[in-house]
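Content type mmCIF, C-alpha atoms, from the file my_file-v4.cif:
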```
data_query
#
loop_
_atom_site.label_atom_id
_atom_site.label_comp_id
_atom_site.auth_asym_id
_atom_site.auth_seq_id
_atom_site.Cartn_x
_atom_site.Cartn_y
_atom_site.Cartn_z
CA MET J 1 -8.13 -5.87 -49.74
CA LEU J 2 -5.64 -5.41 -52.57
CA ALA J 3 -3.31 -3.38 -50.35
CA LEU J 4 -3.26 -6.12 -47.68
CA GLN J 5 -2.51 -8.82 -50.26
CA LEU J 6 0.35 -6.79 -51.73
CA ALA J 7 1.74 -6.02 -48.26
CA TRP J 8 1.75 -9.71 -47.38
CA ARG J 9 3.47 -10.55 -50.65
CA PHE J 10 6.19 -7.93 -50.08
CA LEU J 11 6.81 -9.32 -46.59
CA ARG J 12 7.14 -12.87 -47.89
CA GLU J 13 9.58 -11.81 -50.59
CA GLY J 14 11.91 -10.18 -48.07
CA ARG J 15 11.71 -12.87 -45.41
CA THR J 16 15.11 -12.26 -43.82
CA GLN J 17 14.50 -8.55 -43.52
CA SER J 18 10.96 -9.16 -42.22
CA LEU J 19 12.22 -11.56 -39.55
CA LEU J 20 14.86 -9.08 -38.37
CA ILE J 21 12.28 -6.30 -38.15
CA LEU J 22 9.90 -8.62 -36.32
CA ALA J 23 12.63 -9.55 -33.83
CA GLY J 24 13.35 -5.87 -33.16
CA VAL J 25 9.67 -5.09 -32.56
CA THR J 26 9.32 -8.14 -30.29
CA ILE J 27 12.33 -7.11 -28.20
CA GLY J 28 10.99 -3.58 -27.87
CA ILE J 29 7.54 -4.76 -26.77
CA ALA J 30 9.12 -7.28 -24.38
CA ALA J 31 11.18 -4.48 -22.80
CA PHE J 32 8.02 -2.37 -22.48
CA VAL J 33 6.13 -5.19 -20.72
CA PHE J 34 9.10 -6.14 -18.53
CA VAL J 35 9.72 -2.60 -17.26
CA SER J 36 5.99 -2.08 -16.61
CA ALA J 37 5.73 -5.35 -14.68
CA ILE J 38 8.84 -4.61 -12.59
CA ILE J 39 7.67 -1.12 -11.57
CA GLU J 40 4.08 -2.19 -10.89
CA GLY J 41 5.25 -5.20 -8.89
CA LEU J 42 7.53 -2.98 -6.80
CA GLN J 43 4.67 -0.58 -6.10
CA VAL J 44 2.32 -3.39 -5.09
CA ASN J 45 4.99 -4.85 -2.79
CA LEU J 46 5.64 -1.47 -1.14
CA LEU J 47 1.93 -0.91 -0.59
CA GLU J 48 1.43 -4.39 0.84
CA GLN J 49 4.32 -3.93 3.26
CA THR J 50 3.08 -0.49 4.32
CA LEU J 51 -0.65 -1.20 4.57
CA GLY J 52 -0.15 -4.72 5.90
CA SER J 53 0.73 -3.30 9.32
CA GLN J 54 -1.50 -0.23 9.58
CA ALA J 55 -5.07 0.88 9.05
CA HIS J 56 -6.16 2.74 5.94
CA LEU J 57 -7.94 5.27 8.19
CA THR J 58 -7.64 6.16 11.87
CA VAL J 59 -10.39 8.09 13.65
CA ALA J 60 -9.08 9.44 16.97
CA PRO J 61 -9.65 12.42 19.28
CA GLU J 62 -6.85 14.94 19.61
CA GLU J 63 -4.19 14.47 22.25
CA ALA J 64 -4.98 16.08 25.59
CA LEU J 65 -2.66 19.05 26.15
CA PRO J 66 -1.45 19.60 29.74
CA ARG J 67 -2.48 22.89 31.29
CA ALA J 68 0.01 25.53 32.37
CA LEU J 69 1.00 25.37 36.05
CA MET J 70 0.07 28.44 38.08
CA ASN J 71 1.52 29.79 41.33
CA GLU J 72 -0.57 31.21 44.16
CA SER J 73 -0.71 34.61 42.40
CA GLY J 74 -2.19 33.06 39.27
CA VAL J 75 0.98 33.52 37.22
CA ALA J 76 2.01 30.65 34.97
CA PHE J 77 5.48 29.35 35.76
CA ALA J 78 5.40 26.31 33.45
CA ARG J 79 3.62 26.61 30.13
CA ARG J 80 5.05 23.65 28.25
CA ILE J 81 4.85 20.28 29.93
CA GLU J 82 5.91 17.11 28.15
CA PRO J 83 3.93 14.11 29.42
CA SER J 84 5.62 10.73 29.75
CA GLU J 85 3.38 9.52 26.90
CA PRO J 86 0.84 11.22 24.64
CA ARG J 87 -2.63 10.64 26.04
CA ARG J 88 -5.71 11.16 23.92
CA ARG J 89 -8.92 12.72 25.15
CA PRO J 90 -11.79 10.34 26.02
CA PHE J 91 -13.57 9.15 22.89
CA ASP J 92 -17.11 10.38 23.62
CA GLN J 93 -19.92 8.18 22.29
CA TRP J 94 -17.47 6.07 20.35
CA GLN J 95 -20.09 3.40 19.58
CA ARG J 96 -22.08 5.96 17.59
CA SER J 97 -18.93 7.03 15.76
CA VAL J 98 -18.25 3.39 14.84
CA ARG J 99 -21.72 3.11 13.30
CA ARG J 100 -21.20 6.31 11.32
CA VAL J 101 -17.83 5.15 10.03
CA GLU J 102 -19.31 1.79 9.01
CA ALA J 103 -22.12 3.58 7.16
CA THR J 104 -19.65 5.62 5.08
CA GLU J 105 -19.47 4.54 1.45
CA GLY J 106 -16.19 2.83 0.64
CA VAL J 107 -15.48 1.56 4.17
CA VAL J 108 -15.34 -2.24 4.31
CA ALA J 109 -14.21 -2.89 7.90
CA THR J 110 -13.81 -1.11 11.24
CA CYS J 111 -12.06 -1.92 14.51
CA PRO J 112 -12.47 0.02 17.79
CA LYS J 113 -9.08 -0.13 19.48
CA VAL J 114 -7.30 1.02 22.60
CA SER J 115 -3.54 1.49 22.60
CA GLY J 116 -0.90 3.04 24.78
CA SER J 117 2.60 2.69 26.19
CA ALA J 118 3.46 -0.02 28.69
CA LEU J 119 6.41 -2.03 29.98
CA ALA J 120 6.78 -5.77 29.43
CA TYR J 121 8.89 -7.92 31.78
CA ARG J 122 10.15 -11.46 31.53
CA GLY J 123 12.87 -12.47 33.93
CA ALA J 124 15.56 -9.79 33.83
CA ALA J 125 14.42 -8.53 30.42
CA GLU J 126 12.42 -5.30 30.29
CA GLU J 127 11.08 -3.65 27.12
CA ALA J 128 8.88 -0.65 26.34
CA VAL J 129 5.93 -1.85 24.28
CA LYS J 130 2.88 -0.50 22.54
CA LEU J 131 -0.03 -2.27 24.20
CA VAL J 132 -2.85 -2.79 21.70
CA GLY J 133 -6.29 -4.04 22.67
CA ALA J 134 -8.96 -5.03 20.16
CA ASP J 135 -11.47 -7.67 19.19
CA ALA J 136 -9.57 -10.46 17.43
CA ASP J 137 -11.91 -10.78 14.43
CA ARG J 138 -12.25 -7.03 13.89
CA LEU J 139 -8.50 -6.44 14.12
CA ARG J 140 -7.81 -9.24 11.63
CA GLN J 141 -9.88 -7.35 9.03
CA ILE J 142 -7.60 -4.31 9.45
CA VAL J 143 -4.19 -5.90 10.12
CA ASP J 144 -4.19 -9.62 9.42
CA LEU J 145 -1.84 -10.84 12.15
CA ARG J 146 -3.12 -14.40 11.79
CA LYS J 147 -1.80 -14.53 8.22
CA ASN J 148 1.57 -13.26 9.45
CA LEU J 149 1.97 -15.67 12.36
CA ILE J 150 5.30 -17.48 12.39
CA GLU J 151 4.60 -19.44 15.56
CA GLY J 152 1.59 -20.30 17.72
CA THR J 153 -2.04 -19.31 17.20
CA TYR J 154 -3.96 -16.06 16.78
CA ARG J 155 -6.13 -15.78 19.89
CA LEU J 156 -6.89 -12.77 22.09
CA GLY J 157 -9.36 -14.18 24.61
CA GLY J 158 -8.79 -14.25 28.38
CA GLU J 159 -5.17 -13.44 29.28
CA ASP J 160 -3.84 -14.40 25.83
CA ALA J 161 -1.60 -12.09 23.80
CA VAL J 162 0.38 -12.11 20.56
CA ILE J 163 3.63 -10.19 20.05
CA GLY J 164 6.02 -9.25 17.26
CA ARG J 165 9.01 -11.41 16.40
CA THR J 166 11.62 -8.79 17.34
CA LEU J 167 9.93 -8.07 20.67
CA ALA J 168 9.79 -11.79 21.45
CA GLN J 169 13.53 -12.05 20.78
CA LYS J 170 14.28 -9.07 23.05
CA LEU J 171 12.25 -10.58 25.87
CA GLY J 172 13.48 -14.09 25.21
CA ALA J 173 9.85 -15.21 25.04
CA ARG J 174 8.34 -18.13 23.17
CA VAL J 175 4.81 -19.39 22.69
CA GLY J 176 3.34 -20.42 26.05
CA ASP J 177 5.61 -18.15 28.13
CA PRO J 178 4.10 -15.67 30.61
CA VAL J 179 4.94 -11.97 30.27
CA ARG J 180 4.22 -9.38 32.93
CA VAL J 181 2.85 -6.10 31.55
CA ARG J 182 2.69 -2.86 33.54
CA SER J 183 1.16 0.49 32.68
CA GLY J 184 1.24 3.11 35.40
CA GLU J 185 0.14 1.47 38.64
CA ARG J 186 -1.64 -1.40 36.88
CA GLU J 187 -0.07 -4.73 36.17
CA SER J 188 -1.21 -7.98 34.56
CA LEU J 189 0.28 -11.35 33.67
CA LEU J 190 -0.36 -12.27 30.03
CA ARG J 191 0.45 -15.49 28.20
CA ILE J 192 2.07 -15.45 24.76
CA VAL J 193 0.03 -17.62 22.38
CA GLY J 194 1.40 -16.35 19.07
CA ILE J 195 4.34 -14.55 17.46
CA PHE J 196 3.90 -12.58 14.23
CA GLU J 197 6.11 -10.85 11.68
CA VAL J 198 4.82 -8.09 9.42
CA GLY J 199 6.50 -5.68 7.01
CA SER J 200 7.08 -2.99 9.66
CA GLU J 201 10.00 -3.43 12.06
CA MET J 202 8.39 -0.91 14.42
CA VAL J 203 5.35 -3.19 14.76
CA ASN J 204 7.52 -6.31 15.08
CA GLY J 205 9.60 -4.68 17.80
CA ARG J 206 6.93 -2.96 19.90
CA TRP J 207 3.42 -4.36 19.48
CA LEU J 208 1.92 -6.52 22.21
CA VAL J 209 -1.68 -7.30 21.26
CA THR J 210 -4.30 -8.56 23.68
CA SER J 211 -8.05 -8.38 24.19
CA LEU J 212 -9.83 -5.03 24.32
CA ARG J 213 -10.83 -5.55 27.95
CA ASN J 214 -7.30 -6.41 29.10
CA ALA J 215 -5.83 -3.32 27.44
CA GLN J 216 -8.62 -1.05 28.74
CA THR J 217 -7.94 -2.22 32.30
CA LEU J 218 -4.16 -1.87 32.05
CA LEU J 219 -4.33 1.56 30.39
CA ASN J 220 -7.02 2.83 32.79
CA ARG J 221 -9.54 3.29 29.99
CA VAL J 222 -12.33 0.94 31.04
CA GLY J 223 -15.26 1.39 28.65
CA ASP J 224 -13.23 3.77 26.47
CA ILE J 225 -11.12 3.44 23.31
CA THR J 226 -8.37 5.56 21.81
CA GLU J 227 -9.15 5.18 18.11
CA ILE J 228 -11.27 3.56 15.43
CA ASP J 229 -9.31 1.89 12.64
CA ALA J 230 -10.96 1.42 9.26
CA ARG J 231 -10.21 -0.32 5.98
CA VAL J 232 -11.43 0.97 2.61
CA ALA J 233 -12.08 -0.79 -0.67
CA GLU J 234 -9.90 1.55 -2.77
CA VAL J 235 -6.70 2.59 -1.00
CA TYR J 236 -6.18 5.70 -3.14
CA GLU J 237 -9.65 6.95 -2.10
CA ALA J 238 -8.61 6.96 1.57
CA GLU J 239 -8.00 10.72 1.79
CA ARG J 240 -11.41 11.60 0.37
CA ILE J 241 -13.17 9.08 2.63
CA ALA J 242 -11.23 10.42 5.65
CA SER J 243 -12.57 13.92 4.98
CA GLU J 244 -16.11 12.55 4.72
CA ILE J 245 -15.80 10.60 7.98
CA GLU J 246 -14.39 13.63 9.81
CA ALA J 247 -17.36 15.68 8.61
CA ARG J 248 -19.80 12.97 9.77
CA THR J 249 -18.30 12.26 13.18
CA GLY J 250 -16.62 15.53 14.09
CA VAL J 251 -13.54 13.52 15.12
CA PRO J 252 -10.12 14.05 13.45
CA THR J 253 -9.50 11.34 10.85
CA GLU J 254 -6.12 10.51 9.35
CA SER J 255 -5.55 8.44 6.22
CA TRP J 256 -2.56 6.26 5.39
CA MET J 257 -1.75 8.78 2.66
CA GLU J 258 -1.23 11.51 5.27
CA ARG J 259 0.94 9.24 7.41
CA ASN J 260 3.09 8.16 4.45
CA ARG J 261 3.62 11.33 2.40
CA ASP J 262 7.18 10.35 1.47
CA LEU J 263 6.06 6.93 0.23
CA LEU J 264 3.24 8.48 -1.78
CA THR J 265 5.64 11.00 -3.35
CA GLY J 266 7.98 8.15 -4.25
CA LEU J 267 5.17 6.14 -5.85
CA ARG J 268 4.08 9.13 -7.92
CA SER J 269 7.66 9.72 -9.03
CA GLN J 270 7.87 6.07 -10.05
CA ASP J 271 4.66 6.44 -12.05
CA ALA J 272 6.11 9.45 -13.89
CA SER J 273 9.38 7.61 -14.57
CA THR J 274 7.53 4.52 -15.77
CA THR J 275 5.40 6.60 -18.13
CA MET J 276 8.49 8.24 -19.64
CA ILE J 277 10.21 4.86 -20.09
CA ARG J 278 7.12 3.45 -21.79
CA ILE J 279 6.91 6.43 -24.13
CA PHE J 280 10.58 6.16 -25.14
CA VAL J 281 10.33 2.40 -25.72
CA LEU J 282 7.23 2.80 -27.88
CA LEU J 283 8.84 5.68 -29.78
CA ALA J 284 11.92 3.53 -30.43
CA VAL J 285 9.75 0.70 -31.76
CA ALA J 286 7.66 3.07 -33.89
CA MET J 287 10.73 4.82 -35.31
CA GLY J 288 12.30 1.46 -36.09
CA ILE J 289 9.24 0.38 -38.06
CA ALA J 290 9.03 3.77 -39.80
CA SER J 291 12.70 3.71 -40.82
CA VAL J 292 12.39 0.18 -42.21
CA LEU J 293 9.30 1.15 -44.19
CA SER J 294 11.16 4.16 -45.59
CA VAL J 295 13.95 1.87 -46.79
CA THR J 296 11.35 -0.50 -48.21
CA VAL J 297 9.78 2.33 -50.21
CA VAL J 298 13.16 3.11 -51.76
CA GLN J 299 13.81 -0.56 -52.49
CA ARG J 300 10.37 -1.03 -54.05
CA ARG J 301 10.39 2.02 -56.30
CA GLY J 302 10.29 -0.18 -59.37
CA GLN J 303 7.25 -2.15 -58.20
CA ILE J 304 5.55 1.05 -57.06
CA GLY J 305 6.09 2.56 -60.52
CA ILE J 306 4.54 -0.51 -62.18
CA LEU J 307 1.54 -0.37 -59.81
CA ARG J 308 1.01 3.30 -60.60
CA ALA J 309 1.37 2.61 -64.34
CA VAL J 310 -1.41 -0.02 -64.32
CA GLY J 311 -3.76 2.42 -62.59
CA THR J 312 -3.29 1.66 -58.89
CA SER J 313 -4.29 4.73 -56.88
CA ARG J 314 -1.93 6.61 -54.56
CA ARG J 315 -4.21 5.69 -51.62
CA ILE J 316 -3.77 1.94 -52.23
CA VAL J 317 0.01 2.30 -52.50
CA LEU J 318 0.06 4.23 -49.21
CA SER J 319 -2.23 1.63 -47.58
CA LEU J 320 0.17 -1.10 -48.71
CA PHE J 321 2.98 0.21 -46.52
CA LEU J 322 0.62 1.08 -43.65
CA TRP J 323 -0.54 -2.54 -43.68
CA GLN J 324 3.09 -3.64 -43.53
CA GLY J 325 3.68 -1.51 -40.43
CA LEU J 326 0.49 -2.81 -38.82
CA LEU J 327 1.44 -6.43 -39.50
CA PHE J 328 4.88 -5.88 -37.97
CA GLY J 329 3.34 -4.30 -34.86
CA VAL J 330 0.68 -6.98 -34.36
CA ALA J 331 3.08 -9.88 -34.96
CA GLY J 332 5.74 -8.37 -32.70
CA ALA J 333 3.27 -7.77 -29.90
#
```

This entry written out as structure tokens:
Amino acid sequence: MLALQLAWRFLREGRTQSLLILAGVTIGIAAFVFVSAIIEGLQVNLLEQTLGSQAHLTVAPEEALPRALMNESGVAFARRIEPSEPRRRPFDQWQRSVRRVEATEGVVATCPKVSGSALAYRGAAEEAVKLVGADADRLRQIVDLRKNLIEGTYRLGGEDAVIGRTLAQKLGARVGDPVRVRSGERESLLRIVGIFEVGSEMVNGRWLVTSLRNAQTLLNRVGDITEIDARVAEVYEAERIASEIEARTGVPTESWMERNRDLLTGLRSQDASTTMIRIFVLLAVAMGIASVLSVTVVQRRGQIGILRAVGTSRRIVLSLFLWQGLLFGVAGA
């Protein structure tokens, strides 16, 4: 341990210089940690806002395409027909699909759901809404509306419903107010029991959530659902798990990564930028230590000559300055 003892002695002799070097290393490491924390915190916040209002996976049949209209001669005179709202095919044997999704490794929660377009009325106010029907406990495991309530309670039994903050403002509705909901020829009077606010303005401005049975009746899908939402343990494994579920069920499955390609590209770009910043900060710290050690070697030529004269090996002399660099790095960190 001769090299370590000599390194410590050299550091103590040049205390002012050692303190300045130590301060530089500390600032560099602090910058490294600060930048890493800022970028990682931003990524976590973006993911929480994005995934806090949508499922990690959505298993849903394809949309039903309208057939071409034919005249009496069998000639098509209208090939492209735009329906008033996209309508999915019936979800055949959806209970079996739910069991298969639940049995897939990595899936931690599922929620059979029915959703579709509707109109909500209160007084003279009229708003287009996305009517969502689901079991309250199952939905909370996918999108935790109870955690995001700003008023009222989270309850979907009977004629109860919860709505987004922006939608409530547009309708002029508060907790306890009745809201009339119409879809096609069907109409129902629901009572607002809770108002929520999540990270998505689209959800805040359009979602009206009620029980599965209410939504099935209003959307003319009694006994049927439109999709199965699922939550996975590792969000970045969603695409792989989606492929596995699609192979198991035979039903198209979309992951949050497919729905948010731009966000994913941005996160990957941030990762690359963060890595480059970290590399440059560490290089700056390392070069600072190396340059100081080079100056120290020049300053200590006399002592080095004496050490060599009394028989100290070249390896020990080299280790002396390596120990100095290591001590600076450890103390600065």

Hits of the PyMOL selection byres ((chain J and resi 207) around 12) in this structure, as number ranges by chain:
J: 53-54, 115-120, 127-133, 145, 161-168, 195-198, 200-206, 208-210

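Put simply, CA of Glu187 in chain J is 24.2 Å away from CA of Gly152 in chain J.
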
Can you list, as an NGL selection string, every protein, DNA or RNA residue that comes within 12 Å of Arg140 in chain J when you count only C-alpha atoms, leaving out same-chain residues fewer than 6 positions away?
:J and (52-55 or 109-111 or 134 or 146-149 or 154-156 or 209 or 229-231)

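Listed by chain and then by number, the residues chosen by the PyMOL selection byres ((chain J and resi 222) around 12) in this file are Pro90, Phe91, Val114, Gly133, Leu212, Arg213, Asn214, Ala215, Gln216, Thr217, Leu218, Leu219, Asn220, Arg221, Gly223, Asp224, Ile225 and Thr226 of chain J.
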
Selected by the PyMOL selection byres ((chain J and resi 26-29) around 7) in the shown coordinates: which residues, as a PDB file with C-alpha atoms, in the frame of the given file?
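Wrote part.pdb, looks like this:
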```pdb
ATOM      1  CA  LEU J  22       9.900  -8.620 -36.320  1.00  0.00           C
ATOM      2  CA  ALA J  23      12.630  -9.550 -33.830  1.00  0.00           C
ATOM      3  CA  GLY J  24      13.350  -5.870 -33.160  1.00  0.00           C
ATOM      4  CA  VAL J  25       9.670  -5.090 -32.560  1.00  0.00           C
ATOM      5  CA  ALA J  30       9.120  -7.280 -24.380  1.00  0.00           C
ATOM      6  CA  ALA J  31      11.180  -4.480 -22.800  1.00  0.00           C
ATOM      7  CA  PHE J  32       8.020  -2.370 -22.480  1.00  0.00           C
ATOM      8  CA  VAL J  33       6.130  -5.190 -20.720  1.00  0.00           C
ATOM      9  CA  VAL J 281      10.330   2.400 -25.720  1.00  0.00           C
ATOM     10  CA  VAL J 285       9.750   0.700 -31.760  1.00  0.00           C
ATOM     11  CA  GLY J 332       5.740  -8.370 -32.700  1.00  0.00           C
ATOM     12  CA  ALA J 333       3.270  -7.770 -29.900  1.00  0.00           C
TER      13      ALA J 333
END
```

With distances taken over only C-alpha atoms, the candidate from J:Thr104, J:Ser291, J:Thr58, J:Ser97 nearest Ser255 in chain J is J:Thr58

Report as a PyMOL selection string all protein, DNA and RNA residues lying within 9 Å of Thr249 in chain J, evaluated on all atoms listed in the file, omitting residues in the same chain fewer than 2 positions from it.
chain J and resi 59+96-97+100-101+244-247+251-252

Using all atoms listed in the file, which of the listed residues (J:Met287, J:Pro112, J:Arg174, J:Ser183) sits closest to Gln141 in chain J?
J:Pro112

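One distance worth recording is that between CA of Leu282 in chain J and CA of Leu264 in chain J, which is 27.0 Å.
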
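Taking only C-alpha atoms into account, Asp160 in chain J lies nearest to J:Arg191 out of the set J:Arg268, J:Arg186, J:Lys113, J:Arg191.
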
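What separates CA of Tyr121 in chain J from CA of Gln49 in chain J is a distance of 29.2 Å.
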